[in-house]
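For reference, the structure is listed below as structure tokens.
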Amino acid sequence: MRINLNDAKALRELDTISALEDTESYDEQFKTGLKLSDSLDVSNISVKIENIVVLGTGGGSAASVNLIKSYLFDELQVPLQLNQGYTIPAFVDAKTLVIVVSHSGNTEEVVSGYEAAIAKGAQIAVITAGGKVLEMAREHNHACLLVPGGMMPRIVLGYIFLPILAILTKLGLISDKRAEVEETIALFEEWKHIYGTDSPIEKNEAKHIAIEMDGLIPVVYGTLPFFDAPAWRWKNQLGENSKLMAFWNAIPSLHHDEAVGWDSPSALLKGVHFTLIRDQEDSEKTTQRVEISADILRERAGGVRVVHSHGASRMARLFSIVYLADFVSLYAALIRGVDPTPVEVINLFKQKMGQPLVTVQVR
């Protein structure tokens with residue numbers, strides 16, 4: 001079944017758990033996330049932090065951490081590491097800040113890492129909507145922010161990114177970012193009308209890109225050091241929402257290895273769609289590399305699109321790409337008549353592992 005992306009009624013009917021509506025509501029989610037973040041008390045963490053480890057997996061938690069790392073690349077003086085496995089690094093000690101992030105509260109890798117961090121005597125702050133993680137936080141009297149549940153974790157960036165930012169701010173590790181948050185929220189209010197369900201194809205870049213990549217394998221290229229995280233997020237959203245194999249990398253590093261793969265047989269590369277991300281903070285050489293890459297790929301690939309970030313602040317520009325990517329990933333599923341919400345393969349893994357299945361509220 002094929003869906004016309006201009007048929008808003010058909011799109012909403014196929015989207016059984018309102019992923020489109022939740023994405024269009026990022027402005028409200030981020031407003032709530034900002035208020036919640038203001039209430040977070042981390043006064044029980046008083047030691048000088050020497051390094052930071054964030055425990056988190058998946059499209060919401062891990063994506064937020066990677067965005068934080070890109071956003072704060074040239075400001076945060078303390079090393080920050082994303083930890084997605086069952087164990088934690090050997091360097092974790094009493095001067096390590098461990099931020100525990102699990103929207104469900106039951107992510108087994110996070111629970112395992114949390115237990116290890118407690119044993120190491122780390123400084124701990126928790127962000128969750130409930131579950132085992134909330135029980136552990138209350139038992140050990142750790143700083144904890146309880147955020148709303150009942151949504152797909154990959155669409156709760158406002159409840160994860162902003163609290164992590166708040167923790168770093170309250171501990172004096174970064175400067176206050178409220179002005180940039182408020183700009184981002186204001187732009188979400190504009191962008192939802194540009195990328196949203198009711199915006200027609202001829203005015204909607206997200207729908208255009210979904211149509212372009214339809215039937216092709218998506219590859220997304222970001223730029224270092226600030227815009228690699230949005231490319232990683234875009235690839236993951238194409239997996240979870242679109243049910244597509246997708247790939248990502250970052251310029252300039254990919255020019256030292258992956259780019260040689262552009263010499264693949266023509267029949268293979270014609271089956272690939274490339275999206276390249278541009279930002280105003282890209283260096284002159286990086287900009288040149290993006291443009292040259294796009295020129296070379298246009299002669300070889302099935303499709304090439306260069307997308308530009310928008311906004312005054314780096315935060316707003318990062319989320320301009322994330323927001324575009326989220327809508328593209330939804331439309332890339334819906335155009336094929338696929339509901340973007342179910343994650344049957346993830347639930348198959350969880351079932352075989354004896355874990356609780358991924359469920360969200362039907363509205």
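All residue names refer to the structure tokens as shown: chains lettered A, B, ... in order, residues numbered from 1 in each chain, ligands numbered from 1 in order.
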
(message) Taking 6 positions as the minimum chain separation for residues in the same chain, which residues sit within 10 Å of Ser253 of chain A when counting only C-alpha atoms? Answer as a PyMOL selection string.
(response) chain A and resi 223-224+259

Could you save those same residues with all heavy atoms as a compact mmCIF listing (two decimals), in the first residue's frame?
# COMPACT_ATOMS: atom_id res chain seq x y z
N THR A 223 29.16 16.58 9.82
CA THR A 223 30.48 17.20 9.79
C THR A 223 31.03 17.30 11.21
O THR A 223 30.29 17.50 12.17
CB THR A 223 30.42 18.62 9.18
OG1 THR A 223 29.47 19.42 9.91
CG2 THR A 223 30.03 18.57 7.72
N LEU A 224 32.33 17.14 11.31
CA LEU A 224 33.01 17.27 12.60
C LEU A 224 33.47 18.71 12.81
O LEU A 224 33.83 19.38 11.84
CB LEU A 224 34.22 16.34 12.63
CG LEU A 224 33.89 14.83 12.60
CD1 LEU A 224 35.14 14.02 12.33
CD2 LEU A 224 33.23 14.41 13.91
N ALA A 259 35.13 6.86 1.73
CA ALA A 259 34.93 7.47 0.42
C ALA A 259 35.43 6.59 -0.72
O ALA A 259 34.93 6.68 -1.85
CB ALA A 259 35.61 8.84 0.36

(request) For Pro163 of chain A, list every protein, DNA or RNA residue within 9 Å, evaluated using only C-alpha atoms, and leave out those in the same chain fewer than 2 positions away; present the list as a list in words. (result) Gly33, Leu34, Leu36, Ser37, Asp38, Leu40, Ile127, Leu145, Gly158, Tyr159, Ile160, Phe161, Leu165, Ala166, Ile167 and Leu168 of chain A

Report as JSON lines: every residue of segment 104-177 of chain A with an atom at most 12 Å from segment 235-243 of chain A, its closest pair of atoms, and their distance in Å to one decimal, counting only C-alpha atoms, with rows sorted by chain and ascending residue number.
{"residue": "A:Met152", "atom": "CA", "partner": "A:Glu240", "partner_atom": "CA", "distance": 10.4}
{"residue": "A:Pro153", "atom": "CA", "partner": "A:Glu240", "partner_atom": "CA", "distance": 10.8}
{"residue": "A:Arg154", "atom": "CA", "partner": "A:Gln237", "partner_atom": "CA", "distance": 7.9}
{"residue": "A:Ile155", "atom": "CA", "partner": "A:Gln237", "partner_atom": "CA", "distance": 9.7}

Could those selected residues go to a file with N, CA, C and O atoms, as a compact mmCIF listing (two decimals), in the first residue's frame?
# COMPACT_ATOMS: atom_id res chain seq x y z
N MET A 152 7.11 6.94 23.04
CA MET A 152 8.26 6.24 22.49
C MET A 152 9.53 6.95 22.96
O MET A 152 9.66 8.17 22.79
N PRO A 153 10.49 6.22 23.55
CA PRO A 153 11.71 6.87 24.05
C PRO A 153 12.43 7.71 23.01
O PRO A 153 13.05 8.72 23.35
N ARG A 154 12.34 7.32 21.74
CA ARG A 154 13.06 8.05 20.70
C ARG A 154 12.47 9.43 20.42
O ARG A 154 13.04 10.21 19.66
N ILE A 155 11.29 9.72 21.01
CA ILE A 155 10.66 11.02 20.78
C ILE A 155 10.62 11.84 22.07
O ILE A 155 9.85 12.78 22.19

(request) Skip segment 71-80 of chain A itself and residues of its chain fewer than 5 positions away, then list as number ranges by chain all residues within 8 Å of it, counting only C-alpha atoms. (result) A: 49-54, 173-174, 225-226, 314-315, 318

(request) Could you jot down the atom CA of Ala312 of chain A to atom CA of Ala63 of chain A separation for me, Å, one decimal place? (result)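 Atom-to-atom, atom CA of Ala312 of chain A and atom CA of Ala63 of chain A are spaced 21.9 Å apart.
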
(message) Give me the residues near Asp15 of chain A as a PyMOL selection string, where near means some atom within 12 Å (using only C-alpha atoms) and where sequence neighbours in that chain fewer than 2 positions away do not count.
(response) chain A and resi 3+8-13+17-23+197+241-242+330-331+333-335+337-342+362-363

For C-alpha atoms, I'd like the residues from the last selection saved as an mmCIF file, in the first residue's frame.
data_model
loop_
_atom_site.group_PDB
_atom_site.id
_atom_site.type_symbol
_atom_site.label_atom_id
_atom_site.label_comp_id
_atom_site.auth_asym_id
_atom_site.auth_seq_id
_atom_site.Cartn_x
_atom_site.Cartn_y
_atom_site.Cartn_z
ATOM 1 C CA ILE A 3 0.371 6.609 0.731
ATOM 2 C CA ALA A 8 -2.900 14.147 5.913
ATOM 3 C CA LYS A 9 -5.931 12.089 6.952
ATOM 4 C CA ALA A 10 -4.399 8.852 5.642
ATOM 5 C CA LEU A 11 -1.070 9.635 7.315
ATOM 6 C CA ARG A 12 -2.699 10.138 10.706
ATOM 7 C CA GLU A 13 -4.818 6.996 10.384
ATOM 8 C CA ILE A 17 0.282 5.851 18.214
ATOM 9 C CA SER A 18 0.511 9.466 17.069
ATOM 10 C CA ALA A 19 4.226 9.737 16.345
ATOM 11 C CA LEU A 20 3.469 12.613 13.988
ATOM 12 C CA GLU A 21 1.514 14.462 16.664
ATOM 13 C CA ASP A 22 4.214 13.869 19.281
ATOM 14 C CA THR A 23 6.876 15.162 16.895
ATOM 15 C CA THR A 197 1.562 16.568 8.485
ATOM 16 C CA ASN A 241 10.758 4.766 12.461
ATOM 17 C CA SER A 242 11.274 3.936 8.795
ATOM 18 C CA LEU A 330 8.283 9.163 9.746
ATOM 19 C CA TYR A 331 7.352 10.026 6.162
ATOM 20 C CA ALA A 333 7.736 4.766 6.597
ATOM 21 C CA LEU A 334 4.301 6.215 5.919
ATOM 22 C CA ILE A 335 4.875 6.636 2.163
ATOM 23 C CA GLY A 337 2.131 2.266 4.054
ATOM 24 C CA VAL A 338 4.179 1.342 7.137
ATOM 25 C CA ASP A 339 3.189 2.406 10.656
ATOM 26 C CA PRO A 340 6.338 4.069 12.100
ATOM 27 C CA THR A 341 5.668 3.145 15.720
ATOM 28 C CA PRO A 342 5.990 -0.671 16.134
ATOM 29 C CA VAL A 362 -2.431 4.274 22.263
ATOM 30 C CA ARG A 363 -4.207 7.614 21.961
#

(request) Would you list the contacts of Ile209 of chain A as a PyMOL selection string, taking every protein, DNA or RNA residue within 12 Å and counting only C-alpha atoms, but skipping same-chain residues closer than 4 positions in sequence? (result) chain A and resi 5+195+201-205+213-216+218+220+273-276+303-307+324-332+335

(message) Please compute the atom CA of Ala116 of chain A-atom CA of Ala129 of chain A distance, one decimal, in Å.
(response)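 Calculated distance between atom CA of Ala116 of chain A and atom CA of Ala129 of chain A is 21.0 Å.
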
(request) Using only C-alpha atoms, find the one residue out of A:Val111, A:Val322, A:Ala179, A:Ile118 that sits nearest to Trp234 of chain A. (result) A:Val322

Which neighbours of Asn66 of chain A fall inside 7 Å, counting only C-alpha atoms, when residues of the same chain fewer than 4 positions from it are skipped, and could you give them as a PDB file with N, CA and C atoms, in the first residue's frame?
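File written: part_2.pdb
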ATOM      1  N   ALA A  62      20.728   7.769  24.225  1.00  0.00           N
ATOM      2  CA  ALA A  62      22.038   7.854  23.580  1.00  0.00           C
ATOM      3  C   ALA A  62      22.102   9.034  22.620  1.00  0.00           C
ATOM      4  N   SER A  70      28.402  16.902  21.040  1.00  0.00           N
ATOM      5  CA  SER A  70      28.662  17.779  19.895  1.00  0.00           C
ATOM      6  C   SER A  70      28.447  19.243  20.269  1.00  0.00           C
ATOM      7  N   ALA A 229      26.672  14.235  15.455  1.00  0.00           N
ATOM      8  CA  ALA A 229      25.573  13.658  16.241  1.00  0.00           C
ATOM      9  C   ALA A 229      24.228  13.672  15.508  1.00  0.00           C
TER      10      ALA A 229
END

(request) Tell me which protein, DNA and RNA residues are within 12 Å of Ala186 of chain A, counting only C-alpha atoms, leaving out same-chain ones fewer than 3 positions away, and put them as a list of chain:residue names. (result) A:Ser25, A:Tyr26, A:Asp27, A:Glu28, A:Phe30, A:Lys31, A:Ala179, A:Glu180, A:Val181, A:Glu182, A:Glu183, A:Glu189, A:Glu190, A:Trp191, A:Lys192, A:Gly311, A:Ala312, A:Ala316, A:Phe319, A:Ser320

For the selection just defined, write its residues with C-alpha atoms to a file, as a JSON list (two decimals), in the first residue's frame.
[["chain", "number", "residue", "atom", "x", "y", "z"],
["A", 25, "SER", "CA", 4.54, 18.86, 19.77],
["A", 26, "TYR", "CA", 8.29, 19.15, 20.42],
["A", 27, "ASP", "CA", 7.81, 22.77, 21.41],
["A", 28, "GLU", "CA", 5.44, 21.80, 24.23],
["A", 30, "PHE", "CA", 10.70, 21.07, 25.48],
["A", 31, "LYS", "CA", 8.78, 23.68, 27.49],
["A", 179, "ALA", "CA", 18.51, 31.68, 25.96],
["A", 180, "GLU", "CA", 19.48, 28.99, 23.44],
["A", 181, "VAL", "CA", 16.81, 26.63, 24.78],
["A", 182, "GLU", "CA", 14.18, 29.32, 24.43],
["A", 183, "GLU", "CA", 15.29, 30.10, 20.87],
["A", 189, "GLU", "CA", 6.84, 26.34, 16.94],
["A", 190, "GLU", "CA", 7.72, 27.54, 13.42],
["A", 191, "TRP", "CA", 9.25, 24.34, 12.05],
["A", 192, "LYS", "CA", 6.25, 22.15, 12.93],
["A", 311, "GLY", "CA", 18.95, 29.14, 13.71],
["A", 312, "ALA", "CA", 21.21, 31.62, 15.45],
["A", 316, "ALA", "CA", 18.89, 25.60, 17.59],
["A", 319, "PHE", "CA", 17.86, 20.60, 16.58],
["A", 320, "SER", "CA", 16.86, 22.02, 13.20]]

(message) One number please: atom CA of Phe91 of chain A to atom CA of Lys120 of chain A, in Å, one decimal.
(response)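 Separating atom CA of Phe91 of chain A from atom CA of Lys120 of chain A is a distance of 9.5 Å.
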